[in-house]
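Student: As input, take data_26.txt (compact mmCIF, C-alpha atoms and all ligand atoms):
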```txt
# COMPACT_ATOMS: atom_id res chain seq x y z
CA MET A 1 11.86 -2.77 20.55
CA PRO A 2 10.07 -5.35 22.75
CA GLU A 3 11.44 -8.86 22.40
CA LEU A 4 9.02 -11.20 20.67
CA ARG A 5 11.13 -14.36 20.58
CA GLY A 6 9.49 -17.03 22.70
CA ASN A 7 6.18 -15.18 22.68
CA PRO A 8 3.31 -17.73 22.47
CA ARG A 9 1.65 -15.73 19.65
CA ILE A 10 4.82 -16.17 17.56
CA ALA A 11 4.69 -19.92 18.16
CA LEU A 12 1.02 -19.94 17.10
CA ALA A 13 1.80 -17.93 13.98
CA THR A 14 4.67 -20.25 13.06
CA GLU A 15 2.44 -23.29 13.51
CA ALA A 16 -0.24 -21.67 11.33
CA ILE A 17 2.29 -21.01 8.56
CA ARG A 18 3.53 -24.61 8.70
CA SER A 19 0.06 -26.09 8.38
CA ALA A 20 -1.35 -23.66 5.79
CA GLU A 21 -1.68 -24.67 2.12
CA VAL A 22 -1.80 -21.23 0.49
CA LEU A 23 -0.90 -17.68 1.49
CA VAL A 24 -2.51 -14.31 0.97
CA ILE A 25 -0.77 -11.12 2.05
CA GLY A 26 -2.97 -8.05 2.50
CA ALA A 27 -1.41 -4.65 3.14
CA GLY A 28 -2.52 -1.12 3.93
CA ALA A 29 -0.78 2.13 4.87
CA GLY A 30 0.70 0.58 8.02
CA LEU A 31 3.01 -1.59 5.92
CA SER A 32 4.33 1.35 3.91
CA ALA A 33 4.89 3.20 7.21
CA ALA A 34 6.95 0.22 8.40
CA ALA A 35 8.98 0.50 5.18
CA GLY A 36 9.72 4.15 6.01
CA TYR A 37 6.86 5.95 4.24
CA ASP A 38 5.03 7.43 7.19
CA PHE A 39 2.18 9.78 6.28
CA THR A 40 1.62 11.00 9.83
CA ASN A 41 5.12 12.09 10.83
CA SER A 42 4.88 15.86 11.42
CA GLU A 43 8.56 16.36 12.34
CA LYS A 44 9.78 14.86 9.08
CA PHE A 45 7.11 16.80 7.18
CA ALA A 46 8.28 20.12 8.64
CA ARG A 47 11.84 19.27 7.59
CA ASP A 48 11.04 18.03 4.07
CA TYR A 49 8.17 20.39 3.18
CA PRO A 50 8.89 23.71 4.92
CA GLY A 51 6.85 25.58 2.27
CA MET A 52 3.71 23.63 3.18
CA LEU A 53 3.58 24.91 6.76
CA GLN A 54 2.46 28.39 5.62
CA HIS A 55 -0.50 26.75 3.84
CA GLY A 56 -1.58 25.16 7.11
CA PHE A 57 -0.36 21.59 6.52
CA THR A 58 1.60 19.64 9.12
CA GLU A 59 1.57 16.04 7.83
CA LYS A 60 1.26 14.18 4.54
CA ILE A 61 -2.06 12.56 5.37
CA GLN A 62 -3.77 15.98 5.13
CA MET A 63 -2.83 16.15 1.45
CA MET A 64 -4.31 12.75 0.55
CA ALA A 65 -6.67 13.36 -2.39
CA ASN A 66 -6.80 17.02 -1.37
CA PHE A 67 -7.65 18.86 -4.58
CA SER A 68 -9.07 21.91 -2.83
CA VAL A 69 -5.57 23.39 -2.40
CA GLY A 70 -5.41 24.36 -6.08
CA GLU A 71 -3.19 23.03 -8.86
CA ASN A 72 0.00 24.92 -7.90
CA ILE A 73 0.26 23.46 -4.41
CA LEU A 74 -1.21 20.13 -5.48
CA TRP A 75 1.55 19.57 -8.02
CA GLY A 76 4.27 21.19 -5.94
CA TYR A 77 3.49 18.77 -3.15
CA TYR A 78 2.74 15.62 -5.14
CA LEU A 79 5.81 15.76 -7.39
CA GLN A 80 7.98 15.56 -4.29
CA ASN A 81 5.78 13.05 -2.45
CA VAL A 82 5.67 10.68 -5.42
CA ALA A 83 9.43 11.02 -5.97
CA GLU A 84 9.94 10.02 -2.32
CA THR A 85 7.42 7.19 -2.09
CA ARG A 86 7.35 5.69 -5.61
CA PHE A 87 10.71 6.43 -7.22
CA ASP A 88 13.17 6.57 -4.33
CA ASN A 89 15.09 3.40 -5.38
CA GLY A 90 15.51 2.55 -1.73
CA GLU A 91 15.14 -1.20 -2.27
CA PRO A 92 15.42 -3.64 -0.70
CA HIS A 93 13.01 -2.77 2.10
CA PRO A 94 13.52 -5.23 5.00
CA VAL A 95 9.83 -5.62 5.86
CA HIS A 96 8.93 -6.50 2.24
CA GLN A 97 11.92 -8.83 2.02
CA ALA A 98 10.69 -10.66 5.12
CA LEU A 99 7.27 -11.04 3.49
CA ARG A 100 8.92 -12.29 0.33
CA GLN A 101 10.79 -14.94 2.29
CA LEU A 102 7.47 -16.09 3.72
CA SER A 103 5.81 -16.11 0.29
CA GLU A 104 8.56 -18.39 -1.01
CA LEU A 105 7.38 -21.10 1.38
CA PHE A 106 4.14 -21.36 -0.60
CA LYS A 107 3.43 -22.60 -4.11
CA ASP A 108 0.29 -20.50 -4.44
CA TRP A 109 0.22 -17.03 -2.90
CA PHE A 110 -1.29 -13.65 -3.66
CA VAL A 111 -0.91 -10.02 -2.56
CA VAL A 112 -3.71 -7.48 -2.35
CA THR A 113 -2.74 -3.98 -1.26
CA THR A 114 -4.27 -0.51 -1.15
CA ASN A 115 -0.79 1.03 -1.26
CA VAL A 116 0.06 2.91 -4.45
CA ASP A 117 3.84 2.92 -3.98
CA ALA A 118 4.52 -0.38 -5.84
CA LEU A 119 6.68 -1.56 -2.95
CA PHE A 120 5.85 -5.23 -3.54
CA GLN A 121 6.91 -5.13 -7.21
CA ARG A 122 9.95 -3.03 -6.33
CA ASN A 123 10.99 -5.67 -3.80
CA GLY A 124 10.86 -8.52 -6.29
CA PHE A 125 7.32 -9.87 -5.93
CA ASP A 126 5.84 -11.25 -9.17
CA GLN A 127 3.57 -8.52 -10.55
CA ARG A 128 1.09 -11.14 -11.79
CA ARG A 129 0.32 -12.10 -8.19
CA ILE A 130 -0.43 -8.59 -6.95
CA TYR A 131 -3.71 -6.68 -7.05
CA THR A 132 -3.54 -2.94 -6.34
CA PRO A 133 -7.15 -1.69 -6.54
CA GLN A 134 -6.21 1.88 -5.59
CA GLY A 135 -3.80 2.37 -8.49
CA ASP A 136 -0.15 3.36 -8.72
CA TYR A 137 1.70 6.68 -8.41
CA GLY A 138 3.87 5.38 -11.26
CA LEU A 139 1.14 6.19 -13.81
CA GLY A 140 -0.62 9.36 -14.91
CA GLN A 141 -4.15 9.78 -16.29
CA CYS A 142 -6.67 12.39 -17.47
CA ARG A 143 -9.01 13.90 -14.86
CA SER A 144 -11.68 14.84 -17.42
CA GLY A 145 -12.40 11.29 -18.55
CA CYS A 146 -11.41 11.94 -22.19
CA THR A 147 -9.43 8.68 -22.39
CA GLN A 148 -8.96 5.41 -20.49
CA GLU A 149 -5.27 5.48 -21.35
CA THR A 150 -2.56 5.94 -18.72
CA TRP A 151 1.11 6.83 -19.10
CA SER A 152 4.32 6.76 -17.05
CA SER A 153 4.45 9.55 -14.49
CA LYS A 154 8.24 9.37 -14.23
CA PRO A 155 8.85 12.18 -16.80
CA TRP A 156 6.79 14.55 -14.59
CA ILE A 157 9.14 13.87 -11.70
CA ASP A 158 12.29 14.01 -13.82
CA ASN A 159 11.34 17.26 -15.59
CA LEU A 160 9.37 19.21 -13.00
CA LEU A 161 10.42 18.33 -9.45
CA ASN A 162 13.46 20.60 -9.53
CA GLN A 163 11.25 23.49 -10.70
CA VAL A 164 9.04 23.43 -7.60
CA ASP A 165 9.53 26.59 -5.51
CA ARG A 166 10.75 25.13 -2.21
CA SER A 167 9.80 28.23 -0.22
CA THR A 168 6.11 27.93 -1.18
CA GLN A 169 6.03 24.29 -2.44
CA LYS A 170 4.24 25.62 -5.54
CA LEU A 171 4.66 24.71 -9.20
CA ALA A 172 4.18 27.67 -11.59
CA ASP A 173 1.00 27.76 -13.71
CA GLU A 174 2.80 27.29 -17.03
CA LEU A 175 4.53 24.11 -15.78
CA ILE A 176 1.42 22.29 -14.50
CA PRO A 177 1.04 19.01 -16.45
CA ARG A 178 -1.92 18.75 -18.83
CA CYS A 179 -3.58 15.71 -20.35
CA PRO A 180 -1.70 14.94 -23.61
CA ASN A 181 -5.01 14.00 -25.24
CA CYS A 182 -7.41 16.86 -24.36
CA GLY A 183 -5.22 19.42 -22.60
CA GLY A 184 -7.37 19.18 -19.48
CA PRO A 185 -6.34 18.51 -15.88
CA THR A 186 -4.37 15.37 -15.16
CA PHE A 187 -3.09 13.47 -12.12
CA PHE A 188 -1.51 10.26 -10.93
CA ASN A 189 -3.55 7.10 -11.56
CA VAL A 190 -4.78 6.67 -7.97
CA ARG A 191 -8.34 6.22 -6.72
CA CYS A 192 -9.09 9.73 -5.40
CA ALA A 193 -12.41 10.40 -7.11
CA SER A 194 -14.82 9.12 -9.75
CA TRP A 195 -12.39 10.05 -12.54
CA PHE A 196 -10.08 7.18 -11.50
CA VAL A 197 -9.14 5.01 -14.51
CA ASP A 198 -9.55 1.41 -13.41
CA LYS A 199 -8.41 -0.13 -16.70
CA PRO A 200 -4.79 -0.96 -15.72
CA TRP A 201 -6.06 -2.84 -12.65
CA LEU A 202 -8.83 -4.96 -14.13
CA GLU A 203 -6.49 -7.81 -14.96
CA GLY A 204 -5.21 -7.87 -11.36
CA ARG A 205 -8.77 -8.03 -10.11
CA LEU A 206 -9.53 -11.00 -12.37
CA ARG A 207 -6.40 -12.80 -11.16
CA TRP A 208 -7.37 -12.10 -7.53
CA GLU A 209 -10.90 -13.41 -8.11
CA ALA A 210 -9.51 -16.52 -9.82
CA TRP A 211 -7.14 -17.06 -6.89
CA LEU A 212 -10.03 -16.84 -4.44
CA LYS A 213 -12.05 -19.28 -6.50
CA ARG A 214 -9.38 -21.93 -6.89
CA ASN A 215 -8.49 -21.77 -3.18
CA ARG A 216 -12.04 -21.88 -1.91
CA THR A 217 -11.50 -25.10 0.07
CA GLN A 218 -7.81 -24.67 0.92
CA LYS A 219 -6.36 -23.92 4.34
CA VAL A 220 -5.49 -20.28 3.79
CA LEU A 221 -3.02 -18.30 5.83
CA SER A 222 -3.92 -14.61 5.62
CA ILE A 223 -1.37 -12.04 6.77
CA ASP A 224 -3.03 -8.64 7.07
CA ILE A 225 -0.59 -5.77 7.74
CA GLY A 226 -1.53 -2.19 8.48
CA SER A 227 -4.97 -2.12 6.86
CA GLY A 228 -7.34 0.07 8.83
CA PHE A 229 -10.85 1.32 8.28
CA ASN A 230 -10.22 3.92 5.59
CA THR A 231 -11.00 1.47 2.76
CA PRO A 232 -11.61 -1.87 4.54
CA MET A 233 -13.44 -3.36 1.56
CA TRP A 234 -10.18 -4.00 -0.31
CA VAL A 235 -8.03 -5.82 2.25
CA ARG A 236 -9.31 -6.03 5.80
CA TRP A 237 -12.82 -7.40 5.19
CA PRO A 238 -11.91 -9.82 2.35
CA LEU A 239 -9.18 -11.42 4.48
CA GLU A 240 -11.61 -11.80 7.38
CA LYS A 241 -14.09 -13.41 5.00
CA ILE A 242 -11.48 -15.81 3.58
CA THR A 243 -10.65 -16.88 7.15
CA SER A 244 -14.29 -17.38 8.10
CA ARG A 245 -15.06 -19.76 5.24
CA ASN A 246 -12.71 -22.53 6.45
CA PRO A 247 -12.30 -23.30 10.18
CA GLN A 248 -8.73 -24.45 9.43
CA SER A 249 -7.70 -21.14 7.89
CA THR A 250 -5.83 -18.59 9.97
CA LEU A 251 -5.56 -14.80 10.04
CA ILE A 252 -2.40 -13.10 11.28
CA ARG A 253 -3.18 -9.43 11.78
CA ILE A 254 -0.32 -6.99 12.38
CA ASN A 255 -1.77 -3.58 13.13
CA ARG A 256 -0.66 -0.98 15.67
CA ASP A 257 -3.90 1.03 15.63
CA HIS A 258 -6.60 -1.51 14.72
CA PRO A 259 -5.54 -4.94 16.00
CA ASP A 260 -9.09 -6.09 16.79
CA ILE A 261 -10.53 -9.31 15.41
CA PRO A 262 -14.24 -10.05 14.76
CA LYS A 263 -15.77 -12.49 17.25
CA GLN A 264 -16.61 -15.13 14.62
CA ILE A 265 -12.94 -15.72 13.73
CA GLU A 266 -11.32 -14.97 17.08
CA ALA A 267 -10.25 -18.59 17.62
CA GLN A 268 -8.59 -18.65 14.16
CA SER A 269 -6.73 -15.36 14.50
CA ILE A 270 -3.47 -14.10 15.96
CA SER A 271 -3.12 -10.36 16.44
CA PHE A 272 -0.01 -8.22 16.89
CA GLN A 273 0.32 -4.53 17.70
CA GLU A 274 4.09 -4.73 17.54
CA ASP A 275 6.26 -3.40 14.72
CA PRO A 276 5.67 -5.49 11.54
CA LEU A 277 9.37 -6.13 10.86
CA ASN A 278 9.89 -7.30 14.43
CA VAL A 279 6.91 -9.69 14.16
CA LEU A 280 7.93 -11.09 10.76
CA ASN A 281 11.57 -11.57 11.71
CA SER A 282 10.57 -13.33 14.93
CA ILE A 283 8.34 -15.67 12.92
CA LEU A 284 11.09 -16.33 10.34
CA GLU A 285 13.58 -17.12 13.11
CA ASP A 286 11.10 -19.51 14.68
CA LEU A 287 10.24 -21.38 11.46
ZN ZN B 301 -7.92 14.31 -21.26
```
Before anything else, please render the file you have as structure tokens.
Tutor:
Amino acid sequence: MPELRGNPRIALATEAIRSAEVLVIGAGAGLSAAAGYDFTNSEKFARDYPGMLQHGFTEKIQMMANFSVGENILWGYYLQNVAETRFDNGEPHPVHQALRQLSELFKDWFVVTTNVDALFQRNGFDQRRIYTPQGDYGLGQCRSGCTQETWSSKPWIDNLLNQVDRSTQKLADELIPRCPNCGGPTFFNVRCASWFVDKPWLEGRLRWEAWLKRNRTQKVLSIDIGSGFNTPMWVRWPLEKITSRNPQSTLIRINRDHPDIPKQIEAQSISFQEDPLNVLNSILEDL
């Protein structure tokens, strides 16, 4: 891992943290990858999902919102994926702990993340300061729109994961979960299609909007980790906008694949392509 201590960008980031009044942390898939949940690792996929290879899949990202594979493979795959990424009990995760240490320096902070693995909550962040517009693998919902209710998805994992046929990664027809209300198709409460139930996340959105309003004139430090261009309207663009509205606000962007900064806020931004944990630990050491 390249040494970052003494790097002038670290000194700039440290200075920005010291002078900022409030903090917003934005996170996309790149942060979950840094916590060990990598959706593009084909070697690990071949090891963990040998049955998926015969269906033509080589990495997790290909199964994102992929309903065309049919219910048997869909559930066979997702029960295991959700067990690994949402219910693995692998806390604490060092990269989230480093972010939590940073958040504790601020009286008023907020997290907005497209990740559906609840890693912030699981690492001790206050749920009331987190907005997750894309949902949470921890909940289930109807796919027919019969109800706005959601329910814990944990029983699916507990009761069905060990019944998935590992050689084909399929779940048998008679075991496929059905909506408890209408008997129709069901899924995890994540934003894959228009059937997504937004209800559990409305309160988070209101809190996020209130946070933005009350900090309109503050010097905001935005830390944007691993948010690319898949759904930039949730994290990447809002944090750029927050930075642009006050010349004393700063954006720290940590992103291996998309480190670029828009021209208008170049002078207020510090960009890193290095590993997020390495960057955050170097900043914490420097503070
Ligand atoms: Zn239903």
Student: One decimal, in Å: what's the spacing between CA of Glu3 in chain A and CA of Asn281 in chain A?
Tutor: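 A separation of 11.0 Å between them.
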Student: Write out as a VMD selection string the residues lying within 6 Å of range 110-114 of chain A, counting all atoms listed in the file and excluding same-chain residues fewer than 2 positions away.
Tutor: chain A and resid 24 to 28 129 to 132 134
Student: When you count only C-alpha atoms and all ligand atoms, which of these residues is closest to ligand ZN 301 (chain B): A:Arg178, A:His96, A:Arg5, A:Arg86?
Tutor: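 That would be A:Arg178, the residue with the smallest distance to ligand ZN 301 (chain B).
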Student: Mind checking which residues fall within 12 Å of Asn41 in chain A, counting all atoms listed in the file, ignoring those fewer than 6 positions away in the same chain, and posting them as number ranges by chain?
Tutor: A: 33, 47-49, 57-62
Student: Residues within 8 Å of ligand ZN 301 (chain B), counting all atoms listed in the file: report them as a JSON list (two decimals) with C-alpha atoms, in the frame of the given file.
Tutor:
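The file below, result_25.json, is the result:
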```json
[["chain", "number", "residue", "atom", "x", "y", "z"],
["A", 141, "GLN", "CA", -4.15, 9.78, -16.29],
["A", 142, "CYS", "CA", -6.67, 12.39, -17.47],
["A", 143, "ARG", "CA", -9.01, 13.90, -14.86],
["A", 144, "SER", "CA", -11.68, 14.84, -17.42],
["A", 145, "GLY", "CA", -12.40, 11.29, -18.55],
["A", 146, "CYS", "CA", -11.41, 11.94, -22.19],
["A", 147, "THR", "CA", -9.43, 8.68, -22.39],
["A", 178, "ARG", "CA", -1.92, 18.75, -18.83],
["A", 179, "CYS", "CA", -3.58, 15.71, -20.35],
["A", 180, "PRO", "CA", -1.70, 14.94, -23.61],
["A", 181, "ASN", "CA", -5.01, 14.00, -25.24],
["A", 182, "CYS", "CA", -7.41, 16.86, -24.36],
["A", 183, "GLY", "CA", -5.22, 19.42, -22.60],
["A", 184, "GLY", "CA", -7.37, 19.18, -19.48],
["A", 185, "PRO", "CA", -6.34, 18.51, -15.88],
["A", 186, "THR", "CA", -4.37, 15.37, -15.16]]
```
Student: Closest to Arg207 in chain A among A:Ser269, A:Gln127, A:Asn115, A:Ser153, using only C-alpha atoms?
Tutor: A:Gln127
